[in-house]
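Source file: final.tsv; contents: TSV, C-alpha atoms and all ligand atoms.
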chain	number	residue	atom	x	y	z
A	1	MET	CA	-13.99	-14.91	-42.92
A	2	LYS	CA	-17.25	-13.47	-41.61
A	3	ARG	CA	-17.35	-16.12	-38.91
A	4	TYR	CA	-13.90	-15.10	-37.65
A	5	GLY	CA	-15.16	-11.54	-37.48
A	6	GLN	CA	-18.09	-12.66	-35.33
A	7	ILE	CA	-15.80	-14.63	-33.01
A	8	LEU	CA	-13.45	-11.65	-32.68
A	9	LEU	CA	-16.36	-9.35	-31.87
A	10	PHE	CA	-17.64	-11.82	-29.28
A	11	LEU	CA	-14.21	-11.99	-27.62
A	12	LEU	CA	-13.93	-8.20	-27.55
A	13	VAL	CA	-17.34	-7.95	-25.87
A	14	VAL	CA	-16.31	-10.55	-23.27
A	15	ILE	CA	-13.03	-8.69	-22.55
A	16	ALA	CA	-14.78	-5.32	-22.36
A	17	THR	CA	-17.48	-6.71	-20.03
A	18	SER	CA	-15.00	-8.31	-17.64
A	19	ALA	CA	-12.84	-5.16	-17.58
A	20	LEU	CA	-15.97	-3.14	-16.77
A	21	SER	CA	-17.11	-5.45	-13.98
A	22	THR	CA	-13.63	-5.37	-12.38
A	23	GLY	CA	-13.73	-1.58	-12.52
A	24	LEU	CA	-17.22	-1.48	-11.03
A	25	ALA	CA	-16.22	-3.85	-8.24
A	26	ALA	CA	-13.30	-1.59	-7.41
A	27	GLN	CA	-15.44	1.53	-7.27
A	28	ARG	CA	-18.68	0.09	-6.00
A	29	ILE	CA	-20.49	2.56	-3.85
A	30	CYS	CA	-21.93	1.06	-0.70
A	31	ASP	CA	-25.43	1.93	0.49
A	32	GLY	CA	-26.11	4.70	2.95
A	33	ASP	CA	-23.44	5.36	5.50
A	34	ALA	CA	-21.28	2.34	4.65
A	35	ALA	CA	-17.74	2.60	3.22
A	36	VAL	CA	-15.81	0.16	1.03
A	37	THR	CA	-13.08	-1.86	2.70
A	38	THR	CA	-10.70	-3.64	0.34
A	39	THR	CA	-8.91	-6.76	1.55
A	40	PHE	CA	-5.66	-7.68	-0.22
A	41	ALA	CA	-4.14	-11.17	-0.12
A	42	VAL	CA	-0.70	-11.61	1.44
A	43	ALA	CA	1.45	-14.77	1.18
A	44	PHE	CA	4.07	-15.29	3.90
A	45	HIS	CA	7.24	-17.24	3.08
A	46	VAL	CA	9.01	-18.23	6.28
A	47	ALA	CA	12.56	-19.34	7.07
A	48	THR	CA	13.06	-19.02	10.84
A	49	ARG	CA	14.32	-21.23	13.64
A	50	ASP	CA	11.44	-20.59	16.03
A	51	GLU	CA	8.30	-21.14	14.00
A	52	PRO	CA	5.66	-20.60	16.76
A	53	ARG	CA	7.35	-17.32	17.71
A	54	THR	CA	7.38	-16.27	14.04
A	55	LEU	CA	3.67	-17.04	13.66
A	56	ALA	CA	2.88	-14.84	16.67
A	57	HIS	CA	5.09	-12.13	15.16
A	58	ILE	CA	3.26	-12.38	11.80
A	59	GLU	CA	-0.07	-11.94	13.60
A	60	ALA	CA	1.28	-8.87	15.37
A	61	ILE	CA	2.69	-7.20	12.24
A	62	LEU	CA	-0.48	-7.97	10.26
A	63	SER	CA	-2.72	-6.45	12.89
A	64	GLU	CA	-0.50	-3.36	13.13
A	65	ALA	CA	-0.55	-3.00	9.32
A	66	ASN	CA	-4.36	-3.33	9.36
A	67	ARG	CA	-4.55	-0.64	12.03
A	68	GLN	CA	-2.35	1.72	9.98
A	69	PHE	CA	-4.11	1.13	6.65
A	70	ALA	CA	-7.67	1.32	8.06
A	71	GLY	CA	-7.66	5.05	7.28
A	72	ALA	CA	-7.30	4.18	3.59
A	73	GLY	CA	-10.09	1.56	3.73
A	74	ILE	CA	-7.56	-1.23	3.24
A	75	GLU	CA	-6.80	-4.41	5.14
A	76	PHE	CA	-4.58	-7.42	4.59
A	77	ARG	CA	-5.28	-11.10	5.07
A	78	MET	CA	-2.85	-14.02	4.98
A	79	SER	CA	-3.79	-16.16	1.98
A	80	GLN	CA	-1.07	-18.74	2.51
A	81	GLN	CA	2.06	-19.53	4.45
A	82	ARG	CA	4.98	-21.35	2.88
A	83	MET	CA	8.12	-22.71	4.47
A	84	LEU	CA	11.42	-21.80	2.84
A	85	ALA	CA	14.65	-23.81	2.98
A	86	GLU	CA	16.71	-23.43	6.20
A	87	SER	CA	19.49	-21.87	4.15
A	88	PHE	CA	17.39	-18.68	3.95
A	89	GLN	CA	17.22	-18.19	7.76
A	90	VAL	CA	20.26	-15.92	7.68
A	91	MET	CA	20.54	-13.93	4.47
A	92	GLU	CA	24.14	-12.91	4.14
A	93	THR	CA	24.27	-11.63	0.59
A	94	ILE	CA	22.13	-9.59	-1.77
A	95	ARG	CA	22.22	-12.57	-4.13
A	96	GLU	CA	20.35	-14.67	-1.54
A	97	ARG	CA	17.60	-12.04	-1.39
A	98	HIS	CA	17.02	-12.61	-5.09
A	99	GLN	CA	17.02	-16.40	-4.80
A	100	VAL	CA	13.52	-16.39	-3.26
A	101	LYS	CA	12.02	-14.89	-6.42
A	102	PRO	CA	11.19	-18.14	-8.25
A	103	GLY	CA	8.97	-19.12	-5.28
A	104	LEU	CA	6.95	-15.88	-5.18
A	105	VAL	CA	3.19	-16.33	-5.61
A	106	ASP	CA	1.38	-14.53	-8.44
A	107	ARG	CA	-1.21	-11.85	-7.63
A	108	VAL	CA	-0.61	-11.64	-3.89
A	109	ILE	CA	1.67	-9.42	-1.81
A	110	ASN	CA	4.66	-11.66	-1.03
A	111	VAL	CA	6.29	-11.21	2.39
A	112	VAL	CA	9.45	-13.20	3.15
A	113	VAL	CA	10.27	-13.50	6.88
A	114	VAL	CA	13.77	-14.64	7.88
A	115	ASP	CA	15.78	-14.51	11.12
A	116	GLU	CA	18.45	-12.14	9.91
A	117	ILE	CA	19.01	-9.91	6.88
A	118	GLN	CA	22.66	-8.95	6.69
A	119	ASP	CA	23.48	-5.83	4.76
A	120	PRO	CA	27.06	-6.09	3.46
A	121	THR	CA	26.73	-3.04	1.19
A	122	PRO	CA	24.34	-0.54	2.85
A	123	SER	CA	22.39	1.63	0.40
A	124	LYS	CA	22.66	5.41	0.37
A	125	ALA	CA	19.28	5.64	2.12
A	126	THR	CA	20.44	3.29	4.90
A	127	ARG	CA	23.70	5.21	5.41
A	128	LYS	CA	21.79	8.50	5.52
A	129	ALA	CA	19.28	7.15	8.06
A	130	ALA	CA	22.05	5.86	10.32
A	131	ALA	CA	23.96	9.15	10.05
A	132	ALA	CA	20.81	11.08	11.05
A	133	GLN	CA	20.86	9.14	14.33
A	134	GLY	CA	24.62	9.66	14.72
A	135	ARG	CA	25.39	6.02	13.98
A	136	LYS	CA	27.01	3.87	11.33
A	137	PRO	CA	24.87	1.34	9.43
A	138	SER	CA	24.35	-1.68	11.72
A	139	GLY	CA	25.00	-4.17	8.93
A	140	ARG	CA	21.52	-5.62	9.46
A	141	LEU	CA	18.18	-4.68	7.91
A	142	ALA	CA	14.78	-4.82	9.63
A	143	GLY	CA	13.05	-4.93	6.27
A	144	ALA	CA	13.35	-4.21	2.56
A	145	HIS	CA	11.10	-3.67	-0.45
A	146	ILE	CA	12.71	-5.46	-3.36
A	147	PRO	CA	12.06	-5.31	-7.13
A	148	ALA	CA	11.01	-8.54	-8.85
A	149	PRO	CA	10.88	-7.62	-12.54
A	150	ARG	CA	8.52	-9.60	-14.78
A	151	LYS	CA	6.56	-10.79	-11.71
A	152	LYS	CA	3.00	-9.70	-10.86
A	153	PRO	CA	3.23	-7.82	-8.50
A	154	ASP	CA	6.75	-6.73	-9.48
A	155	THR	CA	8.11	-6.21	-5.95
A	156	TYR	CA	8.20	-8.22	-2.74
A	157	ILE	CA	8.82	-7.53	0.96
A	158	LEU	CA	11.62	-8.98	3.05
A	159	LEU	CA	11.39	-8.77	6.86
A	160	ALA	CA	13.55	-9.83	9.80
A	161	SER	CA	11.63	-11.94	12.32
A	162	ASN	CA	12.84	-9.82	15.26
A	163	GLY	CA	11.63	-6.50	13.82
A	164	LYS	CA	9.23	-4.08	15.47
A	165	PRO	CA	5.49	-4.62	14.91
A	166	ASP	CA	5.29	-1.70	12.45
A	167	THR	CA	7.94	-3.00	10.00
A	168	LEU	CA	5.32	-4.61	7.75
A	169	ALA	CA	3.22	-1.41	7.66
A	170	HIS	CA	6.36	0.55	6.65
A	171	GLU	CA	7.28	-1.83	3.80
A	172	LEU	CA	3.64	-2.01	2.66
A	173	GLY	CA	3.80	1.80	2.53
A	174	HIS	CA	6.58	1.40	-0.05
A	175	PHE	CA	4.51	-1.26	-1.85
A	176	PHE	CA	1.69	1.31	-2.17
A	177	GLY	CA	4.07	3.90	-3.63
A	178	LEU	CA	5.23	5.90	-0.60
A	179	PRO	CA	8.80	7.21	-0.24
A	180	HIS	CA	10.44	7.86	3.14
A	181	HIS	CA	9.27	10.72	5.34
A	182	ARG	CA	11.25	13.06	7.61
A	183	ASP	CA	8.80	13.27	10.50
A	184	PRO	CA	10.13	10.70	13.02
A	185	GLN	CA	6.55	9.89	14.07
A	186	ASN	CA	5.54	9.03	10.51
A	187	VAL	CA	5.28	5.32	9.60
A	188	MET	CA	7.53	6.00	6.58
A	189	SER	CA	10.37	7.46	8.68
A	190	TYR	CA	13.36	5.71	10.19
A	191	GLY	CA	12.27	6.90	13.64
A	192	ARG	CA	11.88	4.63	16.64
A	193	ASP	CA	8.52	6.06	17.63
A	194	ARG	CA	6.52	5.80	14.42
A	195	LYS	CA	2.81	6.43	14.88
A	196	SER	CA	0.81	6.88	11.67
A	197	PHE	CA	0.52	7.82	7.99
A	198	ASN	CA	-0.61	11.38	7.22
A	199	GLU	CA	-3.69	12.27	5.12
A	200	HIS	CA	-1.68	12.86	1.96
A	201	GLN	CA	-0.04	9.43	2.29
A	202	LEU	CA	-3.43	7.77	2.85
A	203	ALA	CA	-4.66	9.42	-0.38
A	204	VAL	CA	-1.61	8.10	-2.29
A	205	ILE	CA	-2.26	4.62	-0.87
A	206	ARG	CA	-5.96	4.75	-1.88
A	207	LYS	CA	-5.04	5.78	-5.42
A	208	LYS	CA	-2.48	3.00	-5.78
A	209	ALA	CA	-4.98	0.50	-4.32
A	210	ARG	CA	-7.50	1.44	-7.03
A	211	LEU	CA	-4.84	0.94	-9.71
A	212	ILE	CA	-3.88	-2.45	-8.26
A	213	GLN	CA	-7.55	-3.49	-8.36
A	214	ARG	CA	-8.15	-2.18	-11.88
A	215	ARG	CA	-5.14	-4.07	-13.22
A	216	HIS	CA	-5.82	-7.04	-10.94
A	217	ILE	CA	-2.19	-7.04	-9.77
A	218	VAL	CA	-3.15	-8.45	-6.34
A	219	ASN	CA	-6.18	-10.61	-5.47
A	220	PHE	CA	-8.71	-8.63	-3.46
A	221	THR	CA	-12.26	-8.57	-2.15
A	222	ASN	CA	-14.41	-5.56	-1.44
A	223	ARG	CA	-17.04	-5.29	1.28
A	224	CYS	CA	-19.18	-2.56	2.78
A	225	THR	CA	-18.43	-1.55	6.34
A	226	ASP	CA	-20.17	0.90	8.66
A	227	ARG	CA	-18.35	4.16	9.04
A	301	ZN	ZN	11.81	2.14	4.02

Written as structure tokens, how would this file's structure read?
Ligand SMILES: [Zn+2]
Amino acid sequence: MKRYGQILLFLLVVIATSALSTGLAAQRICDGDAAVTTTFAVAFHVATRDEPRTLAHIEAILSEANRQFAGAGIEFRMSQQRMLAESFQVMETIRERHQVKPGLVDRVINVVVVDEIQDPTPSKATRKAAAAQGRKPSGRLAGAHIPAPRKKPDTYILLASNGKPDTLAHELGHFFGLPHHRDPQNVMSYGRDRKSFNEHQLAVIRKKARLIQRRHIVNFTNRCTDR
């Protein structure tokens, strides 16, 4: 019985030590004038007709997201790219959006890029956004942030391959806990001239990023960078 007690104690020490080192890595203070930049892993799942064009688009949306999140000390790097079945190129139903879930990769931010996301039953938010611009919902989505219960992380991002360069930054904003914003120049708005996150949003993103690191929801690396 005593031996089991020793083994249990040993395991507890191991768990406590690894939890501590993860926490320290997340909060490590860099020397002197340097700041911590955290890089999160992103997996792209692609179902598009024009693959070279899609790859160029992915580069563009990644670099725009990195530009927008730099203020929060965060960047994103593609960890892998997977091809999806052709049947996903045009997503006609909500059911199809959920059919990609079994292929989602654990502990990365999953981004699914398809040619067209049809929206047969626009959400309240979509109807409101269209009404604000004096239009009806177009029946197509540029992007969506979708729950994936029991997965880690428990949401994924769906993007249309013809979207604007800032669509990934917007959906990543949702991933890091941000709701929509009224200012048409804010990344989290529905505006056509979105420019940046505000300071409050960057603080929310930083807080969520620390939580994601502490719970190891997404693979990450930390490095020191000159301010
Ligand atoms: Zn949104």

Worksheet item: Which is closer to Ile109 (chain A) than all the others in A:Met78, A:Ala41, A:Ala125, A:Met91, using only C-alpha atoms?
Response: A:Ala41

Practice prompt. Do a neighbour search on region 167-172 of chain A at 10 Å with all atoms listed in the file, toss out local chain neighbours closer than 5 positions, and write the hits as a PyMOL selection string.
Written response: chain A and resi 58+60-69+109+111+142-146+156-162+177-180+186-190+194+196-197+205

Residues of the last selection are to be written out with C-alpha atoms, as an mmCIF file, keeping the file's coordinate frame.
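The resulting file, out-v9.cif, is reproduced below:
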data_model
loop_
_atom_site.group_PDB
_atom_site.id
_atom_site.type_symbol
_atom_site.label_atom_id
_atom_site.label_comp_id
_atom_site.auth_asym_id
_atom_site.auth_seq_id
_atom_site.Cartn_x
_atom_site.Cartn_y
_atom_site.Cartn_z
ATOM 1 C CA ILE A 58 3.260 -12.380 11.800
ATOM 2 C CA ALA A 60 1.280 -8.870 15.370
ATOM 3 C CA ILE A 61 2.690 -7.200 12.240
ATOM 4 C CA LEU A 62 -0.480 -7.970 10.260
ATOM 5 C CA SER A 63 -2.720 -6.450 12.890
ATOM 6 C CA GLU A 64 -0.500 -3.360 13.130
ATOM 7 C CA ALA A 65 -0.550 -3.000 9.320
ATOM 8 C CA ASN A 66 -4.360 -3.330 9.360
ATOM 9 C CA ARG A 67 -4.550 -0.640 12.030
ATOM 10 C CA GLN A 68 -2.350 1.720 9.980
ATOM 11 C CA PHE A 69 -4.110 1.130 6.650
ATOM 12 C CA ILE A 109 1.670 -9.420 -1.810
ATOM 13 C CA VAL A 111 6.290 -11.210 2.390
ATOM 14 C CA ALA A 142 14.780 -4.820 9.630
ATOM 15 C CA GLY A 143 13.050 -4.930 6.270
ATOM 16 C CA ALA A 144 13.350 -4.210 2.560
ATOM 17 C CA HIS A 145 11.100 -3.670 -0.450
ATOM 18 C CA ILE A 146 12.710 -5.460 -3.360
ATOM 19 C CA TYR A 156 8.200 -8.220 -2.740
ATOM 20 C CA ILE A 157 8.820 -7.530 0.960
ATOM 21 C CA LEU A 158 11.620 -8.980 3.050
ATOM 22 C CA LEU A 159 11.390 -8.770 6.860
ATOM 23 C CA ALA A 160 13.550 -9.830 9.800
ATOM 24 C CA SER A 161 11.630 -11.940 12.320
ATOM 25 C CA ASN A 162 12.840 -9.820 15.260
ATOM 26 C CA GLY A 177 4.070 3.900 -3.630
ATOM 27 C CA LEU A 178 5.230 5.900 -0.600
ATOM 28 C CA PRO A 179 8.800 7.210 -0.240
ATOM 29 C CA HIS A 180 10.440 7.860 3.140
ATOM 30 C CA ASN A 186 5.540 9.030 10.510
ATOM 31 C CA VAL A 187 5.280 5.320 9.600
ATOM 32 C CA MET A 188 7.530 6.000 6.580
ATOM 33 C CA SER A 189 10.370 7.460 8.680
ATOM 34 C CA TYR A 190 13.360 5.710 10.190
ATOM 35 C CA ARG A 194 6.520 5.800 14.420
ATOM 36 C CA SER A 196 0.810 6.880 11.670
ATOM 37 C CA PHE A 197 0.520 7.820 7.990
ATOM 38 C CA ILE A 205 -2.260 4.620 -0.870
#

Discussion item. I'd like to know which of A:His200, A:Lys128, A:Arg215, A:Ala209 is closest to ligand ZN 301 (chain A), using only C-alpha atoms and all ligand atoms.
Written reply: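 Closest to ligand ZN 301 (chain A), using only C-alpha atoms and all ligand atoms: A:Lys128.
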
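We find CA of Thr48 (chain A) and CA of Val108 (chain A) to be spaced 21.4 Å apart.
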
Worksheet item: With only C-alpha atoms and all ligand atoms as the basis for distance, which of A:Ser123, A:Pro165, A:Arg150, A:Asn198 is at the shortest distance from ligand ZN 301 (chain A)?
Response: A:Ser123

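For the choices A:Leu84, A:Val100, A:Ala129, A:Ile74, the atom-to-atom distance to ligand ZN 301 (chain A) is smallest for A:Ala129 when using only C-alpha atoms and all ligand atoms.
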
Report as lines of an AutoDock Vina configuration file the centre and the edge lengths, in Å to one decimal, of the axis-aligned box holding every listed atom of region 210-213 of chain A, padded by 4 Å on each side.
center_x = -5.7
center_y = -1.0
center_z = -8.4
size_x = 11.7
size_y = 12.9
size_z = 10.7

Discussion item. So, with all atoms listed in the file as the atoms that count, which of A:Arg223, A:Arg182, A:His216, A:Arg107 lies closest to ligand ZN 301 (chain A)?
Written reply: A:Arg182

Item to complete: Compare A:Ala47, A:Leu55, A:Ile217, A:Val36 by their minimum atom-to-atom distance to Phe175 (chain A), counting only C-alpha atoms, and give me the closest one.
Response: A:Ile217

Discussion item. Rounded to one decimal, what separation in Å do you get between CA of Gln81 (chain A) and CA of Arg49 (chain A)?
Written reply: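 Separation of CA of Gln81 (chain A) and CA of Arg49 (chain A): 15.4 Å.
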
Worksheet item: Mind pulling up the distance from CA of Thr126 (chain A) to CA of Gly103 (chain A)?
Response: 27.2 Å

Practice prompt. Write out as a ChimeraX atom specification the residues lying within 10 Å of Phe220 (chain A), counting all atoms listed in the file and excluding same-chain residues fewer than 5 positions away.
Written response: /A:26,38-42,75-77,107-108,209,212-213

Discussion item. List the spatial neighbours of Cys224 (chain A) as number ranges by chain - criterion: any atom at most 8 Å away, all atoms listed in the file, same-chain residues fewer than 2 positions off excluded.
Written reply: A: 30, 34-37, 222, 226

Worksheet item: If you count all atoms listed in the file, which residues fall within 10 Å of Ser138 (chain A), apart from same-chain ones fewer than 2 positions away, as a PyMOL selection string?
Response: chain A and resi 118-120+122+126-127+130+135-136+140-141

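Neighbouring residues of Lys101 (chain A) at 10 Å or closer, counting all atoms listed in the file and skipping chain neighbours under 5 positions away, are Glu96, Asn110, Ile146, Pro147, Ala148, Pro149, Lys151, Thr155 and Tyr156 of chain A.
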
Save the residues we just selected, C-alpha atoms, as a CSV table (one decimal), keeping the file's coordinate frame?
chain,number,residue,atom,x,y,z
A,96,GLU,CA,20.4,-14.7,-1.5
A,110,ASN,CA,4.7,-11.7,-1.0
A,146,ILE,CA,12.7,-5.5,-3.4
A,147,PRO,CA,12.1,-5.3,-7.1
A,148,ALA,CA,11.0,-8.5,-8.8
A,149,PRO,CA,10.9,-7.6,-12.5
A,151,LYS,CA,6.6,-10.8,-11.7
A,155,THR,CA,8.1,-6.2,-6.0
A,156,TYR,CA,8.2,-8.2,-2.7
